[in-house]
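K.L.:
The structure's right below; bear with me while I get my questions together.
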Amino acid sequence: GGSRSAIKTEGEHVSRVVRVGPLMPYLEEALVRDHGAPLLAGSGTSDAEIAVTSYGTGVTAETMDRLPRLKAIASFGVGYDTTDVAEAARRGISVANTPHVLDDAVAEVAVGLVIDVMRGLSESDRFVRRGAWAAGERFRLTRQVSGARAGIVGLGRIGTAIARRLAALDMQIGYYSRTDKGVEWPFHPDLLTLAKASDVLVVVTAGGPETAGLISAQVLEALGPDSFLVNVARGSVVDEDALVAALEAGAIAGAGLDVYADEPHVPPALLGRDDVVLLPHLASGTTQTRQAMADLVLANVACWLETGELVTPVD
Ligand code: 8YV
């Protein structure tokens with residue numbers, strides 16, 4: 001008797017945990033040390049119950065086929081659009097992400113991008129380095145942040161953290177969201193109206209099919225030639241071709257981006273532009289936050305193995 005998968009060669013170790021894709025060294029080491037978690041490699045399969053992945057890799061339906069006993073996925077990152085959550089739900093697989101712990105880190109980069117793109121900080125750094133200042137040139141005048149209007153697209157945990165910080169800079173805050181959050185800042189049920197009423201639009205909504213291309217040519221046009229776009233969400237939320245076209249046409253004043261549709265590929269048309277600030281998807285990348293994210297993944301794994309429950313299941 002016994003199924004084929006139950007036959008074990010001598011010394012073979014079956015881990016309840018498997019790693020899917022690369023993870024930060026601290027997390028990888030802990031998973032190997034505490035759970036003997038192997039890496040799902042090549043076209044291999046695993047009988048593990050819980051898979052640990054990150055936003056950069058995710059668990060697709062094809063990967064699930066190679067994990068026939070999978071019951072849970074713990075993903076490093078708050079956004080989990082690279083994991084097929086609908087398919088996971090269909091198969092009875094629970095998914096955990098790492099919310100809360102990265103709110104501050106991401107919010108401070110969003111604020112940094114707002115100030116940078118409006119005040120021309122990165123551009124002026126290049127101006128100094130190429131010797132333009134020393135040669136007697138004057139840097140252009142820039143747009144004051146204080147008093148300007150910030151439109152937050154997606155007022156979740158991170159959106160709220162950003163709004164609070166921008167309000168502290170004396171910006172006027174408005175937001176677009178699926179539902180009225182009943183907060184102190186004005187709710188705009190229509191994104192075009194918010195874009196028209198904003199000097200900078202800060203995109204901080206979840207990725208995935210529901211928000212793909214939300215920041216369309218029409219929204220960028222509504223934003224207008226004196227206004228800026230900041231994106232710390234997912235590249236997929238912005239129609240990247242429309243963004244390039246809008247910048248080239250002067251339809252918006254500039255953009256600060258931490259995320260792109262096809263990372264690590266940045267649209268070549270943006271690389272030579274002085275009116276864009278281009279970051280390599282680093283918003284959550286502080287020592288403190290990445291440690292907290294890894295610890296939350298480990299807490300999810302430990303809790304799952306002990307109780308069959310996740311600490312931070314996705315909504
Ligand atoms: C990534 C992120 O997870 O949390 C998210 O959704 O996009 C980032 O924090 C991080 O780059 C690791 O993949």
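Ligands are numbered from 1 in the order shown, chains are lettered A, B, ... in the order of the structure tokens, and residues start at 1 in each chain.
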Give the strand (DSSP E) residues of range 75-165 of chain A, as DSSP finds them on the backbone, and put them as an mmCIF file with C-alpha atoms, in the first residue's frame.
P.N.:
data_model
loop_
_atom_site.group_PDB
_atom_site.id
_atom_site.type_symbol
_atom_site.label_atom_id
_atom_site.label_comp_id
_atom_site.auth_asym_id
_atom_site.auth_seq_id
_atom_site.Cartn_x
_atom_site.Cartn_y
_atom_site.Cartn_z
ATOM 1 C CA SER A 75 4.357 36.560 1.117
ATOM 2 C CA PHE A 76 7.034 39.141 1.964
ATOM 3 C CA SER A 94 -4.763 30.908 2.733
ATOM 4 C CA VAL A 95 -2.472 33.847 1.937
ATOM 5 C CA ALA A 96 -0.657 36.175 4.339
ATOM 6 C CA ARG A 149 -2.908 70.436 -3.176
ATOM 7 C CA ALA A 150 -2.111 66.722 -2.827
ATOM 8 C CA GLY A 151 -4.567 64.131 -4.155
ATOM 9 C CA ILE A 152 -4.115 60.715 -2.586
ATOM 10 C CA VAL A 153 -5.266 57.825 -4.775
#
K.L.:
May I have the residues within 12 Å of Arg90 in chain A as a list in words, using only C-alpha atoms and disregarding those fewer than 5 positions away in the same chain?
P.N.:
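Residues meeting the cut-off are Ala61, Met64, Lys71, Asp84, Val85 and Val95 of chain A.
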K.L.:
With only C-alpha atoms as the counted atoms, please give the residues lying no more than 12 Å from Gly112 in chain A, apart from itself and same-chain residues fewer than 2 positions off, as a count of residues only.
P.N.:
32
K.L.:
Apply DSSP to the backbone of this structure and, from range 178-229 of chain A, keep only the residues in helix (DSSP H, G or I); write these as a list in words.
P.N.:
Leu191, Leu192, Thr193, Leu194, Ala195, Lys196, Pro209, Glu210, Thr211, Ala217, Gln218, Val219, Leu220, Glu221, Ala222 and Leu223 of chain A
K.L.:
Please compute the CA of Thr193 in chain A-CA of Ala233 in chain A distance, one decimal, in Å.
P.N.:
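According to the coordinates, CA of Thr193 in chain A and CA of Ala233 in chain A are separated by 20.5 Å.
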K.L.:
Taking only C-alpha atoms and all ligand atoms into account, produce a table as a Markdown table in which each residue of chain A with an atom at most 8 Å from an atom of ligand 1 appears once, together with its shortest atom pair and the distance in Å to one decimal, ordered by chain and rising number.
P.N.:
| residue | atom | partner | partner_atom_place_in_ligand_line | distance |
| --- | --- | --- | --- | --- |
| A:Ser54 | CA | ligand 1 | 13 (O) | 5.2 |
| A:Tyr55 | CA | ligand 1 | 13 (O) | 4.5 |
| A:Gly56 | CA | ligand 1 | 13 (O) | 4.8 |
| A:Thr57 | CA | ligand 1 | 13 (O) | 8.0 |
| A:Phe76 | CA | ligand 1 | 3 (O) | 5.5 |
| A:Gly77 | CA | ligand 1 | 4 (O) | 3.1 |
| A:Val78 | CA | ligand 1 | 4 (O) | 3.8 |
| A:Gly79 | CA | ligand 1 | 6 (O) | 3.4 |
| A:Tyr80 | CA | ligand 1 | 6 (O) | 6.4 |
| A:Thr98 | CA | ligand 1 | 4 (O) | 7.0 |
| A:Pro99 | CA | ligand 1 | 4 (O) | 7.8 |
| A:Leu102 | CA | ligand 1 | 4 (O) | 7.1 |
| A:Ala233 | CA | ligand 1 | 7 (O) | 7.3 |
| A:Arg234 | CA | ligand 1 | 7 (O) | 7.4 |
| A:His281 | CA | ligand 1 | 11 (O) | 6.1 |
| A:Leu282 | CA | ligand 1 | 11 (O) | 6.4 |
| A:Ala283 | CA | ligand 1 | 9 (O) | 6.8 |
| A:Ser284 | CA | ligand 1 | 9 (O) | 4.7 |
| A:Gly285 | CA | ligand 1 | 11 (O) | 7.0 |
| A:Arg290 | CA | ligand 1 | 9 (O) | 7.9 |
K.L.:
Please list as a count of residues only every residue within 8 Å of Tyr260 in chain A, counting only C-alpha atoms and excluding residues in the same chain fewer than 5 positions away.
P.N.:
6
K.L.:
Determine the nearest neighbour of Ile252 in chain A from the options A:Val20, A:Ala302, A:Val128, A:Val219, counting only C-alpha atoms.
P.N.:
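Under the stated criterion, the closest residue is A:Val219.
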K.L.:
Got a sec: who's within 9 Å of range 47-50 of chain A, counting only C-alpha atoms, leaving out chain neighbours fewer than 5 positions off, as a short mmCIF file (atom, residue, chain, number, x, y, z; two decimals) with C-alpha atoms, in the first residue's frame?
P.N.:
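result-v2.cif was written with the following content:
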data_model
loop_
_atom_site.label_atom_id
_atom_site.label_comp_id
_atom_site.auth_asym_id
_atom_site.auth_seq_id
_atom_site.Cartn_x
_atom_site.Cartn_y
_atom_site.Cartn_z
CA SER A 5 4.54 10.25 -2.60
CA VAL A 14 10.26 16.33 4.15
CA SER A 15 9.86 19.93 5.19
CA ARG A 16 6.46 21.47 5.89
CA VAL A 17 7.83 24.76 4.57
CA VAL A 18 9.16 25.54 1.09
CA ARG A 19 10.75 28.70 -0.32
CA ALA A 37 12.84 24.86 4.13
CA ARG A 66 3.79 21.73 -8.13
CA LEU A 67 2.76 22.04 -4.46
CA PRO A 68 -0.08 19.51 -4.17
CA ARG A 69 -0.36 19.73 -0.35
CA LEU A 70 -0.13 23.49 -0.13
CA LYS A 71 -2.46 25.06 2.44
CA ALA A 72 -0.91 28.48 3.00
CA ILE A 73 1.32 31.10 1.39
CA ALA A 74 3.28 33.71 3.38
CA VAL A 301 4.90 30.55 9.28
CA TRP A 304 0.51 28.39 10.77
CA LEU A 305 2.59 25.35 11.71
#
K.L.:
Could you check which of A:Met24, A:Ile173, A:Ala299, A:Val238 is closest to Gly213 in chain A, using only C-alpha atoms?
P.N.:
A:Val238
K.L.:
Show me, as a ChimeraX atom specification, the residues that have an atom within 9 Å of Lys196 in chain A when counting only C-alpha atoms, minus same-chain residues fewer than 2 positions from it.
P.N.:
/A:191-194,198-199,219,221-224
K.L.:
Please, could you write that set of residues out with N, CA and C atoms as an mmCIF file, in the first residue's frame?
P.N.:
data_model
loop_
_atom_site.group_PDB
_atom_site.id
_atom_site.type_symbol
_atom_site.label_atom_id
_atom_site.label_comp_id
_atom_site.auth_asym_id
_atom_site.auth_seq_id
_atom_site.Cartn_x
_atom_site.Cartn_y
_atom_site.Cartn_z
ATOM 1 N N LEU A 191 -12.172 60.172 -9.814
ATOM 2 C CA LEU A 191 -10.725 60.377 -9.923
ATOM 3 C C LEU A 191 -10.368 61.584 -10.792
ATOM 4 N N LEU A 192 -11.135 61.801 -11.856
ATOM 5 C CA LEU A 192 -10.850 62.938 -12.745
ATOM 6 C C LEU A 192 -11.005 64.267 -12.004
ATOM 7 N N THR A 193 -12.018 64.339 -11.159
ATOM 8 C CA THR A 193 -12.246 65.553 -10.366
ATOM 9 C C THR A 193 -11.079 65.779 -9.410
ATOM 10 N N LEU A 194 -10.625 64.707 -8.774
ATOM 11 C CA LEU A 194 -9.481 64.843 -7.858
ATOM 12 C C LEU A 194 -8.234 65.278 -8.628
ATOM 13 N N SER A 198 -5.763 68.765 -8.080
ATOM 14 C CA SER A 198 -4.507 68.421 -7.404
ATOM 15 C C SER A 198 -3.292 69.021 -8.105
ATOM 16 N N ASP A 199 -2.322 69.464 -7.299
ATOM 17 C CA ASP A 199 -1.019 69.872 -7.835
ATOM 18 C C ASP A 199 -0.080 68.681 -7.892
ATOM 19 N N VAL A 219 -6.746 60.866 -17.086
ATOM 20 C CA VAL A 219 -6.440 61.335 -15.725
ATOM 21 C C VAL A 219 -5.226 62.261 -15.759
ATOM 22 N N GLU A 221 -4.228 64.058 -18.234
ATOM 23 C CA GLU A 221 -4.656 65.300 -18.870
ATOM 24 C C GLU A 221 -5.396 66.186 -17.869
ATOM 25 N N ALA A 222 -6.224 65.540 -17.041
ATOM 26 C CA ALA A 222 -6.960 66.281 -16.009
ATOM 27 C C ALA A 222 -6.001 66.863 -14.966
ATOM 28 N N LEU A 223 -4.927 66.147 -14.689
ATOM 29 C CA LEU A 223 -3.918 66.614 -13.732
ATOM 30 C C LEU A 223 -3.332 67.946 -14.220
ATOM 31 N N GLY A 224 -2.893 67.943 -15.467
ATOM 32 C CA GLY A 224 -2.528 69.199 -16.104
ATOM 33 C C GLY A 224 -1.057 69.565 -16.108
#
K.L.:
So that I can check the surroundings of Pro267 in chain A, please list as a PyMOL selection string every protein, DNA and RNA residue that reaches within 10 Å of it, counting only C-alpha atoms and ignoring chain neighbours fewer than 4 positions away.
P.N.:
chain A and resi 240-241+244+260-263+271
K.L.:
Would you save the residues from that selection as a PDB file, in the first residue's frame, using C-alpha atoms?
P.N.:
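The resulting selection.pdb:
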ATOM      1  CA  GLU A 240       3.124  53.931 -18.600  1.00  0.00           C
ATOM      2  CA  ASP A 241       2.895  54.743 -22.315  1.00  0.00           C
ATOM      3  CA  VAL A 244       5.668  58.994 -21.212  1.00  0.00           C
ATOM      4  CA  TYR A 260       7.278  50.379 -12.913  1.00  0.00           C
ATOM      5  CA  ALA A 261       5.160  48.049 -15.012  1.00  0.00           C
ATOM      6  CA  ASP A 262       8.058  45.741 -15.922  1.00  0.00           C
ATOM      7  CA  GLU A 263      10.642  45.969 -13.119  1.00  0.00           C
ATOM      8  CA  LEU A 271      15.916  57.802 -18.408  1.00  0.00           C
TER       9      LEU A 271
END
